[in-house]
file run_27.cif (mmCIF, C-alpha atoms)
data_model
loop_
_atom_site.group_PDB
_atom_site.id
_atom_site.type_symbol
_atom_site.label_atom_id
_atom_site.label_comp_id
_atom_site.auth_asym_id
_atom_site.auth_seq_id
_atom_site.Cartn_x
_atom_site.Cartn_y
_atom_site.Cartn_z
ATOM 1 C CA MET A 1 -7.137 10.123 8.841
ATOM 2 C CA SER A 2 -5.082 13.149 9.724
ATOM 3 C CA LEU A 3 -4.062 16.047 7.486
ATOM 4 C CA ARG A 4 -1.248 18.527 8.051
ATOM 5 C CA ALA A 5 0.966 20.925 6.157
ATOM 6 C CA PHE A 6 4.024 19.395 4.541
ATOM 7 C CA GLY A 7 6.121 22.340 3.471
ATOM 8 C CA ASP A 8 4.865 25.409 1.638
ATOM 9 C CA ARG A 9 3.159 23.672 -1.269
ATOM 10 C CA ALA A 10 2.049 20.257 -0.018
ATOM 11 C CA PHE A 11 -0.061 18.457 2.561
ATOM 12 C CA LEU A 12 0.496 15.103 4.229
ATOM 13 C CA LEU A 13 -2.593 12.908 4.529
ATOM 14 C CA GLU A 14 -1.997 10.011 6.930
ATOM 15 C CA LEU A 15 -4.125 6.863 7.038
ATOM 16 C CA GLU A 16 -3.874 3.972 9.485
ATOM 17 C CA GLN A 17 -0.233 3.509 10.439
ATOM 18 C CA ARG A 18 0.370 -0.117 9.545
ATOM 19 C CA ILE A 19 1.494 -2.123 6.543
ATOM 20 C CA ASP A 20 -1.539 -3.607 4.849
ATOM 21 C CA PRO A 21 -2.321 -4.108 1.129
ATOM 22 C CA GLY A 22 -5.780 -2.583 1.544
ATOM 23 C CA ILE A 23 -4.424 0.586 3.150
ATOM 24 C CA ALA A 24 -1.747 0.902 0.456
ATOM 25 C CA ALA A 25 -4.490 0.584 -2.182
ATOM 26 C CA ARG A 26 -6.466 3.384 -0.506
ATOM 27 C CA ALA A 27 -3.383 5.595 -0.510
ATOM 28 C CA ARG A 28 -2.929 5.005 -4.245
ATOM 29 C CA ALA A 29 -6.634 5.749 -4.883
ATOM 30 C CA ILE A 30 -6.333 9.061 -3.026
ATOM 31 C CA ALA A 31 -3.206 9.931 -5.001
ATOM 32 C CA ASP A 32 -4.982 9.120 -8.268
ATOM 33 C CA ALA A 33 -7.963 11.286 -7.300
ATOM 34 C CA TRP A 34 -5.726 14.222 -6.388
ATOM 35 C CA GLU A 35 -3.817 14.079 -9.664
ATOM 36 C CA ALA A 36 -7.064 13.653 -11.619
ATOM 37 C CA GLY A 37 -8.191 16.960 -10.125
ATOM 38 C CA GLY A 38 -5.240 18.694 -11.762
ATOM 39 C CA LEU A 39 -3.884 20.231 -8.562
ATOM 40 C CA GLY A 40 -0.421 18.705 -8.715
ATOM 41 C CA ALA A 41 1.502 15.500 -8.129
ATOM 42 C CA ALA A 42 0.721 13.042 -5.332
ATOM 43 C CA ILE A 43 3.165 10.613 -3.743
ATOM 44 C CA PRO A 44 1.561 7.579 -2.056
ATOM 45 C CA ALA A 45 3.335 5.430 0.526
ATOM 46 C CA TYR A 46 2.179 2.508 2.704
ATOM 47 C CA ALA A 47 -0.270 4.525 4.763
ATOM 48 C CA SER A 48 0.109 8.153 3.745
ATOM 49 C CA VAL A 49 0.003 10.428 0.715
ATOM 50 C CA VAL A 50 1.890 13.648 0.021
ATOM 51 C CA LEU A 51 -0.451 15.970 -1.880
ATOM 52 C CA GLN A 52 1.478 18.637 -3.768
ATOM 53 C CA PHE A 53 -0.217 21.667 -5.320
ATOM 54 C CA ASP A 54 1.243 23.744 -8.123
ATOM 55 C CA PRO A 55 0.998 27.458 -8.856
ATOM 56 C CA PRO A 56 -1.275 29.253 -9.427
ATOM 57 C CA THR A 57 -3.535 27.112 -7.183
ATOM 58 C CA PRO A 58 -4.272 29.111 -4.002
ATOM 59 C CA ARG A 59 -3.330 27.370 -0.774
ATOM 60 C CA ALA A 60 -6.901 27.710 0.517
ATOM 61 C CA ALA A 61 -8.296 25.902 -2.533
ATOM 62 C CA ALA A 62 -5.725 23.128 -2.229
ATOM 63 C CA LEU A 63 -6.465 22.756 1.485
ATOM 64 C CA ALA A 64 -10.196 22.483 0.806
ATOM 65 C CA ALA A 65 -9.555 19.756 -1.789
ATOM 66 C CA ALA A 66 -7.274 17.876 0.587
ATOM 67 C CA GLN A 67 -9.832 18.124 3.405
ATOM 68 C CA ALA A 68 -12.499 16.757 1.073
ATOM 69 C CA LEU A 69 -10.342 13.724 0.315
ATOM 70 C CA ALA A 70 -9.674 13.204 4.013
ATOM 71 C CA THR A 71 -13.373 13.451 4.874
ATOM 72 C CA ASP A 72 -14.692 11.406 1.972
ATOM 73 C CA PRO A 73 -11.830 9.407 0.430
ATOM 74 C CA PRO A 74 -12.397 7.637 -2.891
ATOM 75 C CA ALA A 75 -13.096 3.938 -2.769
ATOM 76 C CA SER A 76 -10.125 1.745 -3.560
ATOM 77 C CA ARG A 77 -10.431 0.287 -7.006
ATOM 78 C CA PRO A 78 -10.678 -3.490 -7.218
ATOM 79 C CA ALA A 79 -7.187 -4.893 -7.338
ATOM 80 C CA MET A 80 -6.076 -5.189 -10.927
ATOM 81 C CA PRO A 81 -3.392 -7.708 -11.735
ATOM 82 C CA GLY A 82 -0.274 -5.630 -12.305
ATOM 83 C CA ARG A 83 2.611 -6.791 -14.398
ATOM 84 C CA LEU A 84 4.384 -9.875 -13.133
ATOM 85 C CA ILE A 85 8.092 -9.147 -12.759
ATOM 86 C CA GLU A 86 10.336 -12.160 -12.254
ATOM 87 C CA ILE A 87 13.617 -11.502 -10.467
ATOM 88 C CA PRO A 88 16.272 -14.198 -11.069
ATOM 89 C CA THR A 89 17.975 -14.466 -7.697
ATOM 90 C CA THR A 90 21.149 -16.103 -6.473
ATOM 91 C CA TYR A 91 20.528 -16.865 -2.807
ATOM 92 C CA ASP A 92 24.019 -16.463 -1.391
ATOM 93 C CA GLY A 93 23.656 -13.272 0.655
ATOM 94 C CA PRO A 94 25.887 -12.642 3.664
ATOM 95 C CA ASP A 95 22.909 -12.640 6.050
ATOM 96 C CA LEU A 96 21.102 -15.701 4.717
ATOM 97 C CA ALA A 97 22.169 -18.073 7.495
ATOM 98 C CA LEU A 98 21.641 -15.434 10.197
ATOM 99 C CA ALA A 99 18.150 -14.532 8.931
ATOM 100 C CA ALA A 100 17.232 -18.214 8.721
ATOM 101 C CA GLY A 101 18.449 -18.868 12.253
ATOM 102 C CA ARG A 102 16.519 -15.913 13.664
ATOM 103 C CA SER A 103 13.390 -17.287 11.986
ATOM 104 C CA GLY A 104 13.909 -20.866 13.199
ATOM 105 C CA LEU A 105 14.496 -22.051 9.630
ATOM 106 C CA THR A 106 17.290 -23.613 7.669
ATOM 107 C CA PRO A 107 18.733 -21.464 4.868
ATOM 108 C CA GLY A 108 17.011 -23.717 2.332
ATOM 109 C CA GLU A 109 13.662 -23.322 4.073
ATOM 110 C CA LEU A 110 14.022 -19.548 4.107
ATOM 111 C CA VAL A 111 14.823 -19.544 0.383
ATOM 112 C CA ASP A 112 11.783 -21.710 -0.323
ATOM 113 C CA ALA A 113 9.555 -19.393 1.727
ATOM 114 C CA HIS A 114 10.931 -16.235 0.120
ATOM 115 C CA ALA A 115 10.709 -17.553 -3.439
ATOM 116 C CA GLY A 116 7.427 -19.358 -2.908
ATOM 117 C CA ARG A 117 5.045 -16.427 -3.250
ATOM 118 C CA GLU A 118 4.222 -13.339 -5.272
ATOM 119 C CA TYR A 119 4.741 -9.922 -3.718
ATOM 120 C CA GLU A 120 2.900 -6.685 -4.313
ATOM 121 C CA ALA A 121 4.901 -3.515 -4.949
ATOM 122 C CA PHE A 122 3.311 -1.151 -2.444
ATOM 123 C CA PHE A 123 5.213 1.961 -3.492
ATOM 124 C CA LEU A 124 8.608 3.285 -4.586
ATOM 125 C CA GLY A 125 10.738 5.377 -2.264
ATOM 126 C CA PHE A 126 14.089 6.143 -0.620
ATOM 127 C CA MET A 127 15.870 6.136 -3.983
ATOM 128 C CA PRO A 128 14.813 5.812 -7.645
ATOM 129 C CA GLY A 129 13.644 2.325 -8.509
ATOM 130 C CA LEU A 130 13.486 0.978 -4.954
ATOM 131 C CA ALA A 131 10.155 -0.848 -4.612
ATOM 132 C CA TYR A 132 8.910 -1.935 -1.195
ATOM 133 C CA LEU A 133 7.427 -5.404 -1.622
ATOM 134 C CA GLY A 134 5.167 -7.331 0.713
ATOM 135 C CA THR A 135 4.397 -9.253 2.485
ATOM 136 C CA LEU A 136 6.868 -11.957 3.503
ATOM 137 C CA ASP A 137 5.772 -15.434 4.491
ATOM 138 C CA SER A 138 4.962 -15.337 8.211
ATOM 139 C CA THR A 139 7.693 -17.889 8.931
ATOM 140 C CA ILE A 140 10.332 -15.284 8.036
ATOM 141 C CA ASP A 141 10.731 -13.049 11.061
ATOM 142 C CA VAL A 142 13.650 -10.613 11.024
ATOM 143 C CA PRO A 143 13.891 -6.923 11.978
ATOM 144 C CA ARG A 144 16.238 -4.403 10.453
ATOM 145 C CA LEU A 145 19.901 -4.827 11.312
ATOM 146 C CA ASP A 146 20.990 -3.170 14.553
ATOM 147 C CA THR A 147 23.796 -1.435 12.654
ATOM 148 C CA PRO A 148 23.146 -0.586 8.985
ATOM 149 C CA ARG A 149 25.866 -1.344 6.473
ATOM 150 C CA PRO A 150 27.538 1.755 5.027
ATOM 151 C CA ARG A 151 27.611 0.116 1.598
ATOM 152 C CA VAL A 152 25.204 -2.408 0.071
ATOM 153 C CA PRO A 153 25.888 -3.529 -3.527
ATOM 154 C CA ALA A 154 23.342 -2.768 -6.226
ATOM 155 C CA GLY A 155 21.115 -5.754 -6.941
ATOM 156 C CA SER A 156 21.190 -7.037 -3.358
ATOM 157 C CA VAL A 157 17.956 -8.695 -2.213
ATOM 158 C CA GLY A 158 17.009 -7.728 1.340
ATOM 159 C CA ILE A 159 14.369 -8.645 3.898
ATOM 160 C CA ALA A 160 13.163 -6.941 7.091
ATOM 161 C CA ASN A 161 9.952 -6.368 9.023
ATOM 162 C CA GLY A 162 7.722 -8.471 6.787
ATOM 163 C CA GLN A 163 8.952 -6.897 3.552
ATOM 164 C CA THR A 164 11.520 -7.508 0.842
ATOM 165 C CA LEU A 165 13.274 -5.329 -1.728
ATOM 166 C CA VAL A 166 16.083 -5.085 -4.245
ATOM 167 C CA TYR A 167 18.632 -2.304 -3.848
ATOM 168 C CA PRO A 168 18.765 -0.440 -7.187
ATOM 169 C CA PHE A 169 22.077 1.292 -6.455
ATOM 170 C CA GLU A 170 25.005 0.871 -4.121
ATOM 171 C CA SER A 171 23.921 2.623 -0.942
ATOM 172 C CA PRO A 172 23.782 2.344 2.843
ATOM 173 C CA GLY A 173 21.213 -0.173 4.051
ATOM 174 C CA GLY A 174 19.939 -1.930 7.138
ATOM 175 C CA TRP A 175 18.092 -4.943 5.715
ATOM 176 C CA TYR A 176 19.223 -8.562 5.964
ATOM 177 C CA LEU A 177 20.859 -9.472 2.650
ATOM 178 C CA ILE A 178 19.857 -12.925 1.456
ATOM 179 C CA GLY A 179 20.686 -12.851 -2.243
ATOM 180 C CA ARG A 180 21.417 -10.845 -5.371
ATOM 181 C CA THR A 181 20.158 -10.336 -8.901
ATOM 182 C CA VAL A 182 21.805 -9.161 -12.104
ATOM 183 C CA LEU A 183 18.719 -7.213 -13.193
ATOM 184 C CA VAL A 184 19.037 -3.421 -13.397
ATOM 185 C CA MET A 185 16.279 -1.996 -11.226
ATOM 186 C CA PHE A 186 16.517 1.586 -12.500
ATOM 187 C CA ASP A 187 17.771 2.814 -15.866
ATOM 188 C CA PRO A 188 16.948 6.396 -16.939
ATOM 189 C CA ARG A 189 17.328 5.349 -20.587
ATOM 190 C CA ARG A 190 14.488 2.845 -20.181
ATOM 191 C CA ASP A 191 10.743 3.611 -20.361
ATOM 192 C CA PRO A 192 9.649 3.243 -17.660
ATOM 193 C CA ALA A 193 12.983 3.808 -15.940
ATOM 194 C CA ALA A 194 12.026 1.738 -12.867
ATOM 195 C CA LEU A 195 11.794 -1.993 -13.513
ATOM 196 C CA ILE A 196 9.081 -2.378 -10.845
ATOM 197 C CA GLY A 197 6.133 0.007 -10.515
ATOM 198 C CA ALA A 198 3.603 0.438 -7.714
ATOM 199 C CA GLY A 199 0.935 -2.264 -7.988
ATOM 200 C CA ASP A 200 3.148 -4.690 -9.903
ATOM 201 C CA ARG A 201 3.558 -8.276 -8.773
ATOM 202 C CA VAL A 202 7.026 -9.640 -8.133
ATOM 203 C CA ARG A 203 8.329 -13.179 -7.902
ATOM 204 C CA PHE A 204 11.882 -14.144 -6.994
ATOM 205 C CA VAL A 205 13.162 -17.065 -9.057
ATOM 206 C CA PRO A 206 16.109 -19.029 -7.591
ATOM 207 C CA ARG A 207 18.970 -19.640 -9.980
#
call {"tool": "encode", "arguments": {"input": "run_27.cif", "output": "structure tokens"}}
result
Amino acid sequence: MSLRAFGDRAFLLELEQRIDPGIAARARAIADAWEAGGLGAAIPAYASVVLQFDPPTPRAAALAAAQALATDPPASRPAMPGRLIEIPTTYDGPDLALAAGRSGLTPGELVDAHAGREYEAFFLGFMPGLAYLGTLDSTIDVPRLDTPRPRVPAGSVGIANGQTLVYPFESPGGWYLIGRTVLVMFDPRRDPAALIGAGDRVRFVPR
């Protein structure tokens, strides 16, 4: 692990730099331990955690706590079955045929592979309600697009680099678009506002 300053009131604790469910679980355990200590909020990602500390906590005390977590991180809790979120999906995305061809599959085979498993929500990032889900079936092999789209419709289902996601809002995006859903991924009037939370399980259901 490595630890460094991340602005005036936070530290960045980096774990192994790869996408792996076990590493993501360790990041969440570290974030939970930090918040349990009452120092501030923690933001876990795939293989790193931002550890924020609030006033009046002295920087030296926060640094010592962060170093302790880096030296002796908490054990990851046994995986608990999160909520199962089913995403009704129309597989008619503009990149479906291209993604299938790059993977050596027919469009129907790619749909079967994508819809044929449950995904874990590793963490939320980039924009509210955007959950990074993994991992894809190994037969699906596509990178990010060489040129991102300036505008991706909300509800678009994308794949890239062994992961999948649903765009919660219209935004730029560089993932292969294979389908769409009518579900609202983020609604501030809802509790919780994000449809998918870290640790939840997600299944895409063809319609």
call {"tool": "residues_around", "arguments": {"input": "run_27.cif", "residues": "Gly38 (chain A)", "least_positions_apart": "3", "cutoff": "12 Å", "atoms": "all atoms listed in the file", "output": "PyMOL selection string"}}
result
chain A and resi 31-35+41-42+51-57+62+65
call {"tool": "closest_residue", "arguments": {"input": "run_27.cif", "among": "A:Ala25, A:Leu39, A:Ala10, A:Ser2", "to": "Thr71 (chain A)", "atoms": "all atoms listed in the file"}}
result
A:Ser2
call {"tool": "resolve_selection", "arguments": {"input": "run_27.cif", "expression": "the PyMOL selection byres ((chain A and resi 120) around 10)", "output": "ChimeraX atom specification"}}
result
/A:21,81-82,84,118-119,121-123,131-135,163,196-203
call {"tool": "residues_near_point", "arguments": {"input": "run_27.cif", "point": "(24.6, 1.8, 4.6)", "cutoff": "6 Å", "atoms": "all atoms listed in the file", "output": "list in words"}}
result
Pro148, Arg149, Pro150, Arg151, Ser171, Pro172 and Gly173 of chain A
call {"tool": "closest_residue", "arguments": {"input": "run_27.cif", "among": "A:Pro168, A:Gly162, A:Pro73, A:Pro153", "to": "Ile19 (chain A)", "atoms": "all atoms listed in the file"}}
result
A:Gly162
call {"tool": "closest_atom_pairs", "arguments": {"input": "run_27.cif", "of": "region 42-129 of chain A", "to": "region 179-187 of chain A", "cutoff": "12 Å", "atoms": "only C-alpha atoms", "output": "tab-separated table"}}
result
residue	atom	partner	partner_atom	distance
A:Ile85	CA	A:Leu183	CA	10.8
A:Glu86	CA	A:Leu183	CA	9.8
A:Ile87	CA	A:Thr181	CA	6.8
A:Pro88	CA	A:Thr181	CA	5.9
A:Thr89	CA	A:Thr181	CA	4.8
A:Thr90	CA	A:Gly179	CA	5.4
A:Tyr91	CA	A:Gly179	CA	4.1
A:Asp92	CA	A:Gly179	CA	5.0
A:Gly93	CA	A:Gly179	CA	4.2
A:Pro94	CA	A:Gly179	CA	7.9
A:Asp95	CA	A:Gly179	CA	8.6
A:Leu96	CA	A:Gly179	CA	7.5
A:Ala97	CA	A:Gly179	CA	11.1
A:Ala99	CA	A:Gly179	CA	11.6
A:Pro107	CA	A:Gly179	CA	11.3
A:Leu110	CA	A:Gly179	CA	11.4
A:Val111	CA	A:Gly179	CA	9.3
A:His114	CA	A:Gly179	CA	10.6
A:Ala115	CA	A:Gly179	CA	11.1
A:Leu124	CA	A:Phe186	CA	11.3
A:Met127	CA	A:Phe186	CA	9.7
A:Pro128	CA	A:Phe186	CA	6.7
A:Gly129	CA	A:Phe186	CA	5.0
call {"tool": "atom_distance", "arguments": {"input": "run_27.cif", "atom1": "CA of Arg117 (chain A)", "atom2": "CA of Gly104 (chain A)"}}
result
19.2 Å
call {"tool": "closest_residue", "arguments": {"input": "run_27.cif", "among": "A:Tyr46, A:Phe11, A:Phe6, A:Phe169", "to": "Ala194 (chain A)", "atoms": "all atoms listed in the file"}}
result
A:Phe169
call {"tool": "atom_distance", "arguments": {"input": "run_27.cif", "atom1": "CA of Ala75 (chain A)", "atom2": "CA of Leu15 (chain A)"}}
result
13.6 Å
call {"tool": "atom_distance", "arguments": {"input": "run_27.cif", "atom1": "CA of Arg102 (chain A)", "atom2": "CA of Ala24 (chain A)"}}
result
28.1 Å
call {"tool": "resolve_selection", "arguments": {"input": "run_27.cif", "expression": "the PyMOL selection byres ((chain A and resi 174) around 12)", "output": "VMD selection string"}}
result
chain A and resid 95 142 to 152 156 to 161 164 to 165 167 171 to 173 175 to 177
call {"tool": "closest_residue", "arguments": {"input": "run_27.cif", "among": "A:Glu14, A:Asp20, A:Asp141, A:Asp8", "to": "Gly101 (chain A)", "atoms": "only C-alpha atoms"}}
result
A:Asp141
call {"tool": "axis_aligned_box", "arguments": {"input": "run_27.cif", "around": "region 97-107 of chain A", "padding_each_side": "8 Å", "output": "lines of an AutoDock Vina configuration file"}}
result
center_x = 17.8
center_y = -19.1
center_z = 9.3
size_x = 24.8
size_y = 25.1
size_z = 24.8
call {"tool": "closest_residue", "arguments": {"input": "run_27.cif", "among": "A:Pro58, A:Ile178, A:Gly125, A:Val205", "to": "Ile43 (chain A)", "atoms": "only C-alpha atoms"}}
result
A:Gly125
